[in-house]
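Comments concern the structure below.
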Amino acid sequence: MGRSTLLSRLGLAACLLLLLGGSESLGSQEKQQGPWEEDQRAVTEAAPWARARYEAVKKHLGAVGALSKQYWQYLACKVSQEGCEEEGKRKAGPSPGWSLPLVGQDYLEIFSAWYCSFGKCCKTGDCRIVNNITGLEMDLNGQLHGQHLAKEVVIQAVRRFLQSPQPEKALVLSFHGWSGTGKNFVARMVASHLYRDGLKSECVRVFIALFHFPHHKYVDSYKVQLEKQISETVQLCKQSLFIFDEAEKLHFGLLDTIKPFMAHDGKKGQVDYRRSIFLFLSNIGGNTINEVALDFWRAGRAREEISLELLEQRLRRELLQPAENSYARSHLLEENLIDFFVPFLPLEYHHVKLCARDAFLARGLPYTEAALDEVARTMVFVPKEEKLFSAQGCKSVSQRINYFLP
């Protein structure tokens with residue numbers, strides 16, 4: 001029996017007891033002895049009145065059983081979408097003379113909210129959309145280190161998009177930076193704060209270029225599959241999230257397939273794609289971003305002084321280079337389909353220590369400053385002379401703390 005089915009059965013049984021307890025038709029009855037006790041008395045005393053009372057109790061319990069079955073069907077249909085055909089037949093037929101008591105309605109609302117926290121409670125993924133922008137902002141501020149630009153751009157872009165009653169187009173963000181700087185981390189964070197099920201939500205689709213589309217000779221087949229998956233997801237969910245990891249390795253033909261879903265008209269037939277969010281994660285531009293950060297450090301300027309406009313201009317120039325660049329060949333930039341370029345700066349020594357601290361806390365382990373320093377010192381830092389930036393960002397920090405556990 002699946003987890004969701006088991007939970008629904010246990011929850012419905014508990015809720016049924018509450019509902020029956022609140023029913024006026026049952027609460028007004030006098031307390032009577034169980035049928036097994038009446039049966040025993042009938043045998044020993046052989047009194048006619050005892051047999052009559054036994055039959056009355058038996059009839060009453062039968063009515064309670066029938067009522068309980070109706071409650072069960074009603075709840076199963078309303079909460080877990082099961083048994084709705086039988087419920088429909090019951091409504092279409094003659095009225096059985098029962099109704100859900102007022103207190104039962106209250107319990108149903110409470111139970112429905114509890115049930116929906118474990119599994120789907122509707123045919124689409126809409127009831128699983130939470131759009132917790134406040135939580136997203138708090139977690140990015142507390143757990144994303146050294147990325148003042150990424151925090152600001154992502155929070156503002158997502159907030160304004162969700163607040164818009166009718167967006168002109170889908171929201172398209174392109175994340176750029178070295179490996180381990182937080183691109184995947186932010187993508188997961190967005191998914192977990194927009195959808196109760198995070199990356200497991202039916203409204204979220206993740207595509208990894210070399211995993212899902214490894215062979216260019218099959219690109220025509222990939223294009224059909226990709227278009228089908230995007231269309232089905234948007235039809236299922238009024239708000240969808242699509243994440244493309246290693247986007248620079250996508251065949252430009254696949255990006256051409258995605259373009260109509262990100263365009264300004266954003267409509268194909270009766271399906272509206274303007275409520276979709278597309279995240280592209282790429283290492284392209286990482287060296288350009290690092291050069292700017294290094295120049296600021298050498299000039300004695302704080303990295304927080306680096307502006308989005310400065311990096312966006314340089315990123316655009318690099319992305320327009322035609323050499324084996326799917327971005328350039330698909331004309332995403334010329335058609336202005338990317339709303340924001342989100343630069344992820346290289347991480348320094350103190351950022352790595354913060355990542356190590358988070359790794360200890362996530363596992364409920366104590367730590368010391370000395371332990372954080374030991375973890376940070378195991379990382380490789382570049383350039384060779386300055387040893388300023390972590391070559392892997394924070395990517396392997398959570399694994400490295402295992403070496404320093406008692």
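Within each chain, counting starts at residue 1; across the structure tokens, chains are named A, B, ... in the order shown, with ligands numbered 1 upward in that order.
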Taking only C-alpha atoms into account, produce a table as CSV in which each residue of range 268-294 of chain A with an atom at most 10 Å from an atom of range 368-389 of chain A appears once, together with its shortest atom pair and the distance in Å to one decimal, ordered by chain and rising number.
```
residue,atom,partner,partner_atom,distance
A:Asn290,CA,A:Phe389,CA,8.5
A:Ala293,CA,A:Phe389,CA,9.6
A:Leu294,CA,A:Leu388,CA,8.3
```
Would you save the residues from that selection as a PDB file, in the first residue's frame, using C-alpha atoms?
```pdb
ATOM      1  CA  ASN A 290      36.176  36.252 -12.274  1.00  0.00           C
ATOM      2  CA  ALA A 293      36.119  40.405  -9.419  1.00  0.00           C
ATOM      3  CA  LEU A 294      39.919  40.096  -9.484  1.00  0.00           C
TER       4      LEU A 294
END
```
- Query: Where in range 165-343 of chain A does DSSP assign alpha helix (DSSP H), given as a VMD selection string?
  - Reply: chain A and resid 183 to 194 209 to 212 219 to 236 252 to 262 286 to 298 308 to 319 326 to 330
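Among the residues of range 183-277 of chain A, backbone DSSP assigns strand (DSSP E or B) to Tyr195, Val204, Arg205, Val206, Phe207, Ile208, Ser240, Leu241, Phe242, Ile243, Phe244, Asp245, Lys267, Lys268, Val271, Asp272, Ser276 and Ile277 of chain A.
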I need the residues from that last selection saved to file as a PDB file, in the first residue's frame (with N, CA and C atoms), if you can.
```
ATOM      1  N   TYR A 195       6.999  25.820  -4.831  1.00  0.00           N
ATOM      2  CA  TYR A 195       6.191  24.602  -4.860  1.00  0.00           C
ATOM      3  C   TYR A 195       6.437  23.798  -3.595  1.00  0.00           C
ATOM      4  N   VAL A 204       7.421  21.150 -11.952  1.00  0.00           N
ATOM      5  CA  VAL A 204       8.832  21.477 -12.135  1.00  0.00           C
ATOM      6  C   VAL A 204       9.487  20.405 -13.011  1.00  0.00           C
ATOM      7  N   ARG A 205      10.227  20.844 -14.012  1.00  0.00           N
ATOM      8  CA  ARG A 205      10.965  19.928 -14.883  1.00  0.00           C
ATOM      9  C   ARG A 205      12.427  20.363 -14.938  1.00  0.00           C
ATOM     10  N   VAL A 206      13.327  19.413 -14.698  1.00  0.00           N
ATOM     11  CA  VAL A 206      14.762  19.675 -14.732  1.00  0.00           C
ATOM     12  C   VAL A 206      15.377  18.897 -15.885  1.00  0.00           C
ATOM     13  N   PHE A 207      16.136  19.594 -16.717  1.00  0.00           N
ATOM     14  CA  PHE A 207      16.808  18.971 -17.855  1.00  0.00           C
ATOM     15  C   PHE A 207      18.303  19.233 -17.733  1.00  0.00           C
ATOM     16  N   ILE A 208      19.088  18.164 -17.816  1.00  0.00           N
ATOM     17  CA  ILE A 208      20.549  18.273 -17.795  1.00  0.00           C
ATOM     18  C   ILE A 208      21.047  17.928 -19.191  1.00  0.00           C
ATOM     19  N   SER A 240       4.460  26.991 -14.110  1.00  0.00           N
ATOM     20  CA  SER A 240       5.445  25.929 -14.297  1.00  0.00           C
ATOM     21  C   SER A 240       6.855  26.481 -14.167  1.00  0.00           C
ATOM     22  N   LEU A 241       7.773  25.605 -13.799  1.00  0.00           N
ATOM     23  CA  LEU A 241       9.188  25.965 -13.674  1.00  0.00           C
ATOM     24  C   LEU A 241      10.018  24.964 -14.458  1.00  0.00           C
ATOM     25  N   PHE A 242      10.876  25.473 -15.355  1.00  0.00           N
ATOM     26  CA  PHE A 242      11.752  24.633 -16.176  1.00  0.00           C
ATOM     27  C   PHE A 242      13.199  25.037 -15.925  1.00  0.00           C
ATOM     28  N   ILE A 243      14.024  24.057 -15.556  1.00  0.00           N
ATOM     29  CA  ILE A 243      15.436  24.305 -15.239  1.00  0.00           C
ATOM     30  C   ILE A 243      16.297  23.541 -16.243  1.00  0.00           C
ATOM     31  N   PHE A 244      17.194  24.261 -16.908  1.00  0.00           N
ATOM     32  CA  PHE A 244      18.105  23.653 -17.885  1.00  0.00           C
ATOM     33  C   PHE A 244      19.532  23.813 -17.361  1.00  0.00           C
ATOM     34  N   ASP A 245      20.084  22.703 -16.873  1.00  0.00           N
ATOM     35  CA  ASP A 245      21.448  22.710 -16.357  1.00  0.00           C
ATOM     36  C   ASP A 245      22.433  22.428 -17.498  1.00  0.00           C
ATOM     37  N   LYS A 267       1.495  32.231 -26.413  1.00  0.00           N
ATOM     38  CA  LYS A 267       0.268  31.440 -26.455  1.00  0.00           C
ATOM     39  C   LYS A 267       0.286  30.530 -27.666  1.00  0.00           C
ATOM     40  N   LYS A 268      -0.079  29.269 -27.437  1.00  0.00           N
ATOM     41  CA  LYS A 268      -0.212  28.310 -28.528  1.00  0.00           C
ATOM     42  C   LYS A 268      -1.561  27.630 -28.355  1.00  0.00           C
ATOM     43  N   VAL A 271      -3.450  27.213 -24.765  1.00  0.00           N
ATOM     44  CA  VAL A 271      -2.484  27.112 -23.671  1.00  0.00           C
ATOM     45  C   VAL A 271      -1.680  28.404 -23.573  1.00  0.00           C
ATOM     46  N   ASP A 272      -1.620  28.957 -22.371  1.00  0.00           N
ATOM     47  CA  ASP A 272      -0.885  30.199 -22.120  1.00  0.00           C
ATOM     48  C   ASP A 272       0.402  29.864 -21.377  1.00  0.00           C
ATOM     49  N   SER A 276       5.006  30.760 -17.053  1.00  0.00           N
ATOM     50  CA  SER A 276       6.114  29.823 -16.856  1.00  0.00           C
ATOM     51  C   SER A 276       7.392  30.567 -16.492  1.00  0.00           C
ATOM     52  N   ILE A 277       8.285  29.859 -15.801  1.00  0.00           N
ATOM     53  CA  ILE A 277       9.601  30.392 -15.452  1.00  0.00           C
ATOM     54  C   ILE A 277      10.658  29.456 -16.030  1.00  0.00           C
TER      55      ILE A 277
END
```
- Message: With only C-alpha atoms as the counted atoms, please give the residues lying no more than 6 Å from Gln392 in chain A, apart from itself and same-chain residues fewer than 2 positions off, as a PyMOL selection string.
- Response: chain A and resi 180+390+395
The selected residues should be written to file as a JSON list (two decimals), in the first residue's frame (atoms: C-alpha atoms).
```json
[["chain", "number", "residue", "atom", "x", "y", "z"],
["A", 180, "GLY", "CA", 30.21, 25.57, -7.14],
["A", 390, "SER", "CA", 38.08, 28.74, -4.59],
["A", 395, "LYS", "CA", 30.83, 22.27, -4.31]]
```
- Message: With only C-alpha atoms as the counted atoms, please give the residues lying no more than 10 Å from Glu335 in chain A, apart from itself and same-chain residues fewer than 6 positions off, as a PyMOL selection string.
- Response: chain A and resi 259+263-264
Writing out the chosen residues with all heavy atoms as a CSV table (one decimal), in the first residue's frame:
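Once everything was written out, this is result23.csv:
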```
chain,number,residue,atom,x,y,z
A,259,LYS,N,12.2,28.4,-27.7
A,259,LYS,CA,11.9,29.9,-27.9
A,259,LYS,C,10.5,30.2,-28.0
A,259,LYS,O,10.1,31.2,-27.4
A,259,LYS,CB,12.7,30.3,-29.2
A,259,LYS,CG,14.1,30.6,-29.0
A,259,LYS,CD,14.9,30.6,-30.3
A,259,LYS,CE,14.3,31.7,-31.3
A,259,LYS,NZ,15.1,31.8,-32.5
A,263,ALA,N,8.5,33.4,-25.8
A,263,ALA,CA,8.2,34.6,-26.7
A,263,ALA,C,7.2,35.5,-26.0
A,263,ALA,O,6.5,35.1,-25.1
A,263,ALA,CB,7.8,34.1,-28.1
A,264,HIS,N,7.1,36.7,-26.6
A,264,HIS,CA,6.2,37.7,-26.0
A,264,HIS,C,4.7,37.3,-26.2
A,264,HIS,O,3.9,37.7,-25.4
A,264,HIS,CB,6.5,39.1,-26.6
A,264,HIS,CG,7.8,39.6,-26.0
A,264,HIS,ND1,7.9,40.4,-24.9
A,264,HIS,CD2,9.1,39.5,-26.5
A,264,HIS,CE1,9.1,40.7,-24.7
A,264,HIS,NE2,9.9,40.2,-25.6
```
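Here CA of Met262 in chain A is placed at a distance of 8.5 Å from CA of Ile338 in chain A.
Taking only C-alpha atoms into account, Tyr349 in chain A lies nearest to A:Cys394 out of the set A:Cys394, A:Ile129, A:Ser307, A:Ser192.
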- Message: What does the structure give for the distance between CA of Arg196 in chain A and CA of Gly177 in chain A, in Å to one decimal?
- Response: 28.1 Å
- Item | Contact residues around Lys151 in chain A with only C-alpha atoms at 8 Å, ignoring same-chain residues under 6 positions, as a ChimeraX atom specification | /A:137,140-141,144
